[in-house]
Amino acid sequence: MLEAKMLCMAVTLFTADGSLDEESFRLHLRRLVDAGVGVFVASPGSGEGYALSPAETRRLCEIAVEECKGEVPVYANLREGRTAEETIALAREAIAAEVDLIQIYNVDRSHSFVPTEREQEAYFRECLDALDYPISLAPGSPAIATGSPSVELLARLCQDYPQIESFHLGTDTMAYLIRARDVLPESVEVWVGMASGLQGLALGGSAIMAMEPNVIPHTCRMLVRAFAAGNVELASDAAKRIRRFTTVLDKWSPHRPRALKMALNVLGLPGGDSSLRKPYLMPGSEALDEMRTAFEALGVADYEAHAVSQEAV
């Protein structure tokens, strides 16, 4: 059985004055490469993508290509655009940096906008007509798990646009995933989120796309390695530990950049001194101490070290 990919929606690291912290970002990416985890940069959630200028998005992609290409997958996870033109322009910044693939979400669903299937199809086709480049489509907004297009639409898009390499269905139900897997070409991958990771892989998923590898990349990679090896006990143990870790983060989520940068800080990892971009603000020392105590109780650092040792076995 081929091993599924573990993909990380990488945090963006900033200096105290708000500029990109390129040195720390490179160190962060090297941790992911060492763990065999693929990277998504400029993510709208974990990567604070909405706070990035087009030029900064391109620079992040350039750095990721320099550090990761040829070692692990290096992708751009672009923020949702309110128009196809906006998305296309941002995608061209990532293409110029020569990332391996670009992920495109559905049209931005701000102000409770839920597009009709006809509107969704028109948006995707406009983007795909303009971008002859490897593409992953994420038809369900990360923030809203409803309103995903029919799987028949996904199949039509695959038939008309051979550059589609995958669909990210991380916010959709397992029933939707199964229906999609049944109608999509075998060559097109289906990616799932961490919450449904093991089940999603068992039902035909090819990758887990998640925020957790920013902090515990080896533990996350252990999950997919154990699943591929048929070691149900080890995969289950890794999944439980990841879920307990995420439960700690949940207190400061769904605002993921804040929780992730807190975790890097309390565990003394590269990027732990990184600032958030406003409107995010880092909590005070009491919150950091609370997270540190919770991680110590779970043995997060010890298990991550154990996962590193297991990779040598």
# chains A, B, ... in the order shown; residues from 1 in each chain; ligands from 1

$ select_by_dssp --residues "range 266-307 of chain A" --states "alpha helix (DSSP H)" --output "list in words"
Val266, Ser285, Glu286, Ala287, Leu288, Asp289, Glu290, Met291, Arg292, Thr293, Ala294, Phe295, Glu296, Ala297, Leu298, Val300, Ala301, Asp302, Tyr303, Glu304, Ala305, His306 and Ala307 of chain A

$ write_last_selection --atoms "N, CA and C atoms" --output "compact mmCIF listing (two decimals), in the first residue's frame"
# COMPACT_ATOMS: atom_id res chain seq x y z
N VAL A 266 5.71 27.73 23.78
CA VAL A 266 5.84 26.99 25.04
C VAL A 266 6.69 25.73 24.88
N SER A 285 1.21 35.78 29.71
CA SER A 285 2.01 34.68 30.25
C SER A 285 1.15 33.62 30.93
N GLU A 286 0.03 34.00 31.53
CA GLU A 286 -0.82 33.02 32.20
C GLU A 286 -1.36 31.99 31.21
N ALA A 287 -1.77 32.45 30.04
CA ALA A 287 -2.28 31.53 29.02
C ALA A 287 -1.18 30.61 28.53
N LEU A 288 0.02 31.16 28.33
CA LEU A 288 1.14 30.33 27.89
C LEU A 288 1.49 29.29 28.94
N ASP A 289 1.47 29.67 30.20
CA ASP A 289 1.75 28.72 31.28
C ASP A 289 0.68 27.62 31.32
N GLU A 290 -0.57 27.99 31.09
CA GLU A 290 -1.65 27.00 31.08
C GLU A 290 -1.45 25.98 29.96
N MET A 291 -1.08 26.47 28.79
CA MET A 291 -0.83 25.55 27.67
C MET A 291 0.38 24.67 27.96
N ARG A 292 1.43 25.24 28.51
CA ARG A 292 2.64 24.48 28.82
C ARG A 292 2.32 23.35 29.80
N THR A 293 1.55 23.64 30.81
CA THR A 293 1.18 22.63 31.80
C THR A 293 0.36 21.52 31.16
N ALA A 294 -0.56 21.89 30.28
CA ALA A 294 -1.38 20.89 29.60
C ALA A 294 -0.53 19.99 28.71
N PHE A 295 0.42 20.57 28.00
CA PHE A 295 1.30 19.77 27.14
C PHE A 295 2.17 18.82 27.97
N GLU A 296 2.66 19.31 29.11
CA GLU A 296 3.48 18.46 29.97
C GLU A 296 2.68 17.28 30.49
N ALA A 297 1.42 17.52 30.83
CA ALA A 297 0.56 16.44 31.32
C ALA A 297 0.32 15.38 30.25
N LEU A 298 0.27 15.82 29.00
CA LEU A 298 0.05 14.89 27.89
C LEU A 298 1.34 14.24 27.40
N VAL A 300 3.54 15.72 25.39
CA VAL A 300 3.63 16.06 23.97
C VAL A 300 5.07 16.01 23.46
N ALA A 301 5.98 16.66 24.17
CA ALA A 301 7.37 16.71 23.72
C ALA A 301 8.00 15.32 23.75
N ASP A 302 7.72 14.55 24.77
CA ASP A 302 8.29 13.21 24.87
C ASP A 302 7.79 12.31 23.75
N TYR A 303 6.51 12.40 23.43
CA TYR A 303 5.98 11.54 22.38
C TYR A 303 6.50 11.96 21.01
N GLU A 304 6.68 13.24 20.81
CA GLU A 304 7.25 13.70 19.53
C GLU A 304 8.67 13.16 19.38
N ALA A 305 9.43 13.15 20.47
CA ALA A 305 10.78 12.57 20.42
C ALA A 305 10.71 11.07 20.16
N HIS A 306 9.72 10.41 20.76
CA HIS A 306 9.53 8.98 20.52
C HIS A 306 9.20 8.71 19.05
N ALA A 307 8.40 9.58 18.44
CA ALA A 307 8.04 9.42 17.03
C ALA A 307 9.28 9.55 16.15

$ residues_around --residues "range 246-262 of chain A" --least-positions-apart "4" --cutoff "10 Å" --atoms "only C-alpha atoms" --output "ChimeraX atom specification"
/A:10-13,44-48,143,194-195,211-215,240-242,266-277,280-284,287-292,294-295,298

$ write_last_selection --atoms "C-alpha atoms" --output "mmCIF file, in the first residue's frame"
data_model
loop_
_atom_site.group_PDB
_atom_site.id
_atom_site.type_symbol
_atom_site.label_atom_id
_atom_site.label_comp_id
_atom_site.auth_asym_id
_atom_site.auth_seq_id
_atom_site.Cartn_x
_atom_site.Cartn_y
_atom_site.Cartn_z
ATOM 1 C CA ALA A 10 2.286 26.065 7.581
ATOM 2 C CA VAL A 11 2.237 29.070 9.879
ATOM 3 C CA THR A 12 3.683 32.346 8.618
ATOM 4 C CA LEU A 13 6.319 33.757 10.927
ATOM 5 C CA PRO A 44 -5.838 31.594 4.858
ATOM 6 C CA GLY A 45 -6.216 30.147 8.357
ATOM 7 C CA SER A 46 -3.018 28.762 9.880
ATOM 8 C CA GLY A 47 -0.829 30.871 7.603
ATOM 9 C CA GLU A 48 -2.640 34.174 8.215
ATOM 10 C CA ALA A 143 -15.177 27.714 7.589
ATOM 11 C CA MET A 194 -7.035 15.526 10.618
ATOM 12 C CA ALA A 195 -10.322 15.112 12.503
ATOM 13 C CA MET A 211 -2.431 22.373 11.091
ATOM 14 C CA GLU A 212 -1.042 20.046 13.783
ATOM 15 C CA PRO A 213 2.222 19.166 11.963
ATOM 16 C CA ASN A 214 3.396 22.743 12.564
ATOM 17 C CA VAL A 215 4.088 21.642 16.133
ATOM 18 C CA LYS A 240 -5.422 9.717 19.935
ATOM 19 C CA ARG A 241 -2.357 11.716 20.898
ATOM 20 C CA ILE A 242 -2.929 14.169 18.070
ATOM 21 C CA VAL A 266 5.837 26.990 25.040
ATOM 22 C CA LEU A 267 7.656 24.046 23.434
ATOM 23 C CA GLY A 268 10.685 26.182 22.552
ATOM 24 C CA LEU A 269 10.477 25.443 18.822
ATOM 25 C CA PRO A 270 11.676 27.573 15.880
ATOM 26 C CA GLY A 271 9.185 30.378 15.364
ATOM 27 C CA GLY A 272 8.178 30.392 19.017
ATOM 28 C CA ASP A 273 9.144 34.052 19.282
ATOM 29 C CA SER A 274 7.200 34.974 16.154
ATOM 30 C CA SER A 275 4.618 37.720 16.332
ATOM 31 C CA LEU A 276 1.051 37.590 15.116
ATOM 32 C CA ARG A 277 -0.311 40.070 12.636
ATOM 33 C CA TYR A 280 -4.455 38.823 16.341
ATOM 34 C CA LEU A 281 -2.697 39.455 19.648
ATOM 35 C CA MET A 282 -0.645 36.969 21.629
ATOM 36 C CA PRO A 283 -2.186 36.079 25.020
ATOM 37 C CA GLY A 284 -0.299 36.863 28.202
ATOM 38 C CA ALA A 287 -2.282 31.529 29.025
ATOM 39 C CA LEU A 288 1.136 30.335 27.891
ATOM 40 C CA ASP A 289 1.748 28.715 31.276
ATOM 41 C CA GLU A 290 -1.653 27.004 31.083
ATOM 42 C CA MET A 291 -0.834 25.549 27.671
ATOM 43 C CA ARG A 292 2.636 24.483 28.819
ATOM 44 C CA ALA A 294 -1.382 20.894 29.596
ATOM 45 C CA PHE A 295 1.298 19.765 27.143
ATOM 46 C CA LEU A 298 0.051 14.885 27.891
#

$ atom_distance --atom1 "CA of Gly36 in chain A" --atom2 "CA of Tyr75 in chain A"
14.2 Å

$ residues_around --residues "Ala55 in chain A" --least-positions-apart "5" --cutoff "10 Å" --atoms "only C-alpha atoms" --output "ChimeraX atom specification"
/A:60-61,90,93-94

$ select_by_dssp --residues "range 52-151 of chain A" --states "strand (DSSP E)" --output "MDAnalysis selection string"
chainID A and resid 74:77 101:105 135:138

$ closest_residue --among "A:Ala175, A:Asp132, A:Ala89, A:Val183" --to "Ala155 in chain A" --atoms "only C-alpha atoms"
A:Val183

$ residues_around --residues "Gly81 in chain A" --least-positions-apart "3" --cutoff "9 Å" --atoms "only C-alpha atoms" --output "number ranges by chain"
A: 78, 84-88, 90, 104-108

$ residues_around --residues "Lys5 in chain A" --least-positions-apart "6" --cutoff "12 Å" --atoms "only C-alpha atoms" --output "PyMOL selection string"
chain A and resi 35-39+72-74+189-194+197+201+205-210+213+220-225+227-228

$ closest_residue --among "A:Leu203, A:Ala235, A:Val188, A:Gln163" --to "Tyr176 in chain A" --atoms "only C-alpha atoms"
A:Leu203

$ atom_distance --atom1 "CA of Leu177 in chain A" --atom2 "CA of Ala202 in chain A"
11.0 Å

$ residues_around --residues "Pro134 in chain A" --least-positions-apart "2" --cutoff "12 Å" --atoms "only C-alpha atoms" --output "PyMOL selection string"
chain A and resi 74-76+91+94-95+98-104+128+131-132+136-137+161-167+188

$ closest_residue --among "A:Leu234, A:Val114, A:Leu27, A:Leu52" --to "Glu67 in chain A" --atoms "only C-alpha atoms"
A:Leu27

$ atom_distance --atom1 "CA of Ser196 in chain A" --atom2 "CA of Thr173 in chain A"
8.9 Å

$ closest_residue --among "A:Pro185, A:Gly230, A:Gly18, A:Gly49" --to "Leu198 in chain A" --atoms "only C-alpha atoms"
A:Gly230
